[in-house]
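**Q** Please read through the structure below; I'll follow up with questions.
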Amino acid sequence: MTEVATMRAVVVYESMYGNTRQVADAIGAGLQSCFEVRVVPVSEAEPAVLADADLVVVGGPTHIHGMSRASTRKAAVEAADKPASPLKVEPDAPGPGLRDWFDSLGHYPVKAAAFDTRMNGPAALTGRASKGVFRLLRAHGFDLVAEPESFLVTKQDRLEPNETSRAHAWGARLAASIAPSAASGAHL
Ligand SMILES: Cc1cc2nc3c(=O)[nH]c(=O)nc-3n(C[C@H](O)[C@H](O)[C@H](O)COP(=O)(O)O)c2cc1C
């Protein structure tokens, strides 16, 4: 009997307040219909993690209309540190962001997709980090298999209702588009 190789997906995320982490987890759960999935923060996404991936999904928060920078991550931590703030920062929030990760990343001829979190509003006004992630993935040789996607947060920096369900469905659709036969046989 021929053995079917397991397909592997890695979801790499950057997150200050946990919203992008929740979206990454939900996308990962959606991908599980076809893939063995790892969801990792950017601080843990060393080359060995990507080594045998068939699909890499990368996302982060939108800061000042695009991908975060060291200065915006510092501002995010300071905002959460204010006594009146209900926000809590992720353990590795002050650490390197996706731009730093891309700087040290090699060439990967692997399927990929980009997502972000951003404020709820017209993208022309809010900006979208996923467009920058998409461009950097392409520059590193990845084969982009989906349009960049945004998941929305409220003014209070909480995910809008149903965004984790939408992220799950996006992950499942992504999986099905890459491995349609595995998806049709999967118990969803
Ligand atoms: C310094 C800073 C700048 C931000 N700039 C934008 C922006 O330009 N557009 C936008 O839609 N959201 C902006 N936001 C909101 C973030 O997109 C939101 O905090 C993020 O999606 C939450 O994800 P996280 O919890 O994973 O960090 C900004 C947030 C911070 C802290």
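In the structure tokens, chains take the letters A, B, ... in the order shown, each chain's residues start at 1, and ligands count up from 1 in the order shown.
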Sorted by chain and rising residue number, list the residues of chain A at most 6 Å from ligand 1 (counting only C-alpha atoms and all ligand atoms), each with its closest atom pair and distance in Å to one decimal, as a Markdown table.
**A**
| residue | atom | partner | partner_atom_place_in_ligand_line | distance |
| --- | --- | --- | --- | --- |
| A:Ser15 | CA | ligand 1 | 26 (O) | 3.5 |
| A:Met16 | CA | ligand 1 | 27 (O) | 3.4 |
| A:Tyr17 | CA | ligand 1 | 25 (O) | 3.3 |
| A:Gly18 | CA | ligand 1 | 25 (O) | 4.1 |
| A:Asn19 | CA | ligand 1 | 25 (O) | 3.7 |
| A:Thr20 | CA | ligand 1 | 26 (O) | 3.5 |
| A:Arg21 | CA | ligand 1 | 26 (O) | 5.9 |
| A:Pro61 | CA | ligand 1 | 21 (O) | 4.1 |
| A:Thr62 | CA | ligand 1 | 17 (O) | 4.0 |
| A:His63 | CA | ligand 1 | 5 (N) | 3.5 |
| A:Ile64 | CA | ligand 1 | 8 (O) | 3.3 |
| A:His65 | CA | ligand 1 | 8 (O) | 3.7 |
| A:Thr72 | CA | ligand 1 | 1 (C) | 4.3 |
| A:Ala75 | CA | ligand 1 | 1 (C) | 5.1 |
| A:Ala76 | CA | ligand 1 | 31 (C) | 3.8 |
| A:Thr117 | CA | ligand 1 | 21 (O) | 3.9 |
| A:Arg118 | CA | ligand 1 | 17 (O) | 3.7 |
| A:Met119 | CA | ligand 1 | 11 (O) | 3.7 |
| A:Thr126 | CA | ligand 1 | 9 (N) | 3.9 |
| A:Gly127 | CA | ligand 1 | 9 (N) | 5.3 |
| A:Asp157 | CA | ligand 1 | 19 (O) | 5.4 |
**Q** With N, CA and C atoms retained, export the selected residues as a compact mmCIF listing (two decimals), in the first residue's frame.
**A**
# COMPACT_ATOMS: atom_id res chain seq x y z
N SER A 15 2.26 39.26 17.68
CA SER A 15 1.09 39.78 18.38
C SER A 15 1.49 40.56 19.62
N MET A 16 0.91 41.74 19.79
CA MET A 16 1.17 42.54 21.00
C MET A 16 0.19 42.20 22.11
N TYR A 17 -1.09 42.19 21.76
CA TYR A 17 -2.15 42.06 22.77
C TYR A 17 -2.91 40.74 22.69
N GLY A 18 -2.48 39.84 21.82
CA GLY A 18 -3.09 38.51 21.79
C GLY A 18 -4.12 38.30 20.69
N ASN A 19 -4.55 39.39 20.04
CA ASN A 19 -5.59 39.20 19.01
C ASN A 19 -5.06 38.43 17.80
N THR A 20 -3.87 38.78 17.34
CA THR A 20 -3.32 38.07 16.17
C THR A 20 -2.99 36.63 16.54
N ARG A 21 -2.59 36.41 17.79
CA ARG A 21 -2.36 35.02 18.24
C ARG A 21 -3.66 34.21 18.15
N PRO A 61 -0.01 42.30 13.45
CA PRO A 61 -0.91 43.45 13.63
C PRO A 61 -0.54 44.61 12.69
N THR A 62 -1.53 45.37 12.31
CA THR A 62 -1.29 46.59 11.52
C THR A 62 -0.90 47.71 12.48
N HIS A 63 0.26 48.29 12.27
CA HIS A 63 0.72 49.44 13.07
C HIS A 63 1.06 50.57 12.11
N ILE A 64 0.49 51.74 12.34
CA ILE A 64 0.73 52.90 11.47
C ILE A 64 0.65 52.49 10.00
N HIS A 65 -0.49 51.91 9.66
CA HIS A 65 -0.85 51.58 8.27
C HIS A 65 -0.06 50.43 7.64
N THR A 72 6.92 51.10 17.02
CA THR A 72 5.48 50.92 17.24
C THR A 72 5.23 49.81 18.26
N ALA A 75 5.68 51.45 21.52
CA ALA A 75 4.49 52.27 21.83
C ALA A 75 3.34 51.38 22.30
N ALA A 76 3.21 50.20 21.68
CA ALA A 76 2.13 49.28 22.07
C ALA A 76 2.33 48.80 23.51
N THR A 117 -4.18 41.62 11.50
CA THR A 117 -5.30 42.18 12.25
C THR A 117 -5.19 43.69 12.11
N ARG A 118 -6.35 44.34 12.13
CA ARG A 118 -6.38 45.80 12.00
C ARG A 118 -7.70 46.30 12.55
N MET A 119 -7.77 47.62 12.69
CA MET A 119 -9.01 48.23 13.18
C MET A 119 -10.12 48.02 12.15
N THR A 126 -7.25 52.50 7.29
CA THR A 126 -6.53 51.81 8.38
C THR A 126 -5.16 51.30 7.95
N GLY A 127 -4.99 51.02 6.63
CA GLY A 127 -3.80 50.30 6.18
C GLY A 127 -3.98 48.82 6.49
N ASP A 157 -9.40 47.32 21.06
CA ASP A 157 -8.41 46.28 20.77
C ASP A 157 -8.85 44.89 21.19
**Q** Residues of region 52-139 of chain A within 12 Å of region 145-151 of chain A: nearest atom pair and distance (Å, one decimal) for each, counting only C-alpha atoms, sorted by chain and number, as CSV?
**A**
residue,atom,partner,partner_atom,distance
A:Asp54,CA,A:Val145,CA,11.8
A:Leu55,CA,A:Val145,CA,9.4
A:Val56,CA,A:Val145,CA,10.3
A:Val57,CA,A:Ala146,CA,10.0
A:Val58,CA,A:Pro148,CA,9.9
A:Gly59,CA,A:Glu149,CA,9.1
A:Gly60,CA,A:Ser150,CA,9.7
A:Pro61,CA,A:Ser150,CA,9.4
A:Thr62,CA,A:Ser150,CA,9.3
A:Gly66,CA,A:Ser150,CA,11.9
A:Val110,CA,A:Val145,CA,9.9
A:Lys111,CA,A:Val145,CA,6.3
A:Ala112,CA,A:Val145,CA,6.0
A:Ala113,CA,A:Ala146,CA,5.6
A:Ala114,CA,A:Pro148,CA,5.0
A:Phe115,CA,A:Glu149,CA,4.6
A:Asp116,CA,A:Ser150,CA,4.9
A:Thr117,CA,A:Phe151,CA,4.7
A:Arg118,CA,A:Phe151,CA,6.4
A:Met119,CA,A:Phe151,CA,8.4
A:Asn120,CA,A:Phe151,CA,8.3
A:Gly121,CA,A:Ser150,CA,10.9
A:Pro122,CA,A:Ser150,CA,11.1
A:Ala123,CA,A:Ser150,CA,9.0
A:Thr126,CA,A:Ser150,CA,10.9
A:Gly127,CA,A:Ser150,CA,10.1
A:Arg128,CA,A:Ser150,CA,7.1
A:Ala129,CA,A:Ser150,CA,8.4
A:Ser130,CA,A:Pro148,CA,5.4
A:Lys131,CA,A:Pro148,CA,6.1
A:Gly132,CA,A:Pro148,CA,9.3
A:Val133,CA,A:Pro148,CA,8.3
A:Phe134,CA,A:Pro148,CA,6.5
A:Arg135,CA,A:Pro148,CA,9.8
A:Leu136,CA,A:Pro148,CA,12.0
A:Leu137,CA,A:Pro148,CA,11.0
A:Arg138,CA,A:Val145,CA,10.6
**Q** May I have all residues of region 3-175 of chain A that DSSP, computed from the backbone, assigns to strand (DSSP E), given as an NGL selection string?
**A** :A and (8-13 or 36-41 or 55-61 or 111-119 or 143-144 or 149-153)
**Q** Pick out the residues sitting within 9 Å of Arg38 (chain A), and hand them over as a PyMOL selection string; count only C-alpha atoms, and ignore anything fewer than 2 positions along from it in its own chain.
**A** chain A and resi 8-12+28+36+40+49
**Q** Which residue gives the smallest distance to Thr6 (chain A) among A:Val37, A:Val23, A:Arg69, A:Glu160, with only C-alpha atoms counted?
**A**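 Under the stated criterion, the closest residue is A:Val37.
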**Q** Counting only C-alpha atoms, figure out which residue out of A:Leu105, A:Leu31, A:Leu98, A:Ala24 gets nearest to Pro47 (chain A).
**A**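 Going through A:Leu105, A:Leu31, A:Leu98, A:Ala24 one by one, the smallest distance to Pro47 (chain A) is for A:Leu105.
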**Q** Work out how far apart CA of Gln22 (chain A) and CA of Ala80 (chain A) are and give it in Å to one decimal.
**A**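 Pair CA of Gln22 (chain A) / CA of Ala80 (chain A) returns 18.1 Å.
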**Q** Which of these residues is nearest to Leu50 (chain A), using only C-alpha atoms: A:Tyr108, A:Arg73, A:Phe102, A:Pro96?
**A**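 Ranking A:Tyr108, A:Arg73, A:Phe102, A:Pro96 by distance to Leu50 (chain A), first place goes to A:Tyr108.
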**Q** For a quick check of understanding, using only C-alpha atoms, which of A:Leu159, A:Met67, A:Leu174, A:Ala167 has the smallest distance to Leu144 (chain A)?
**A** A:Leu174
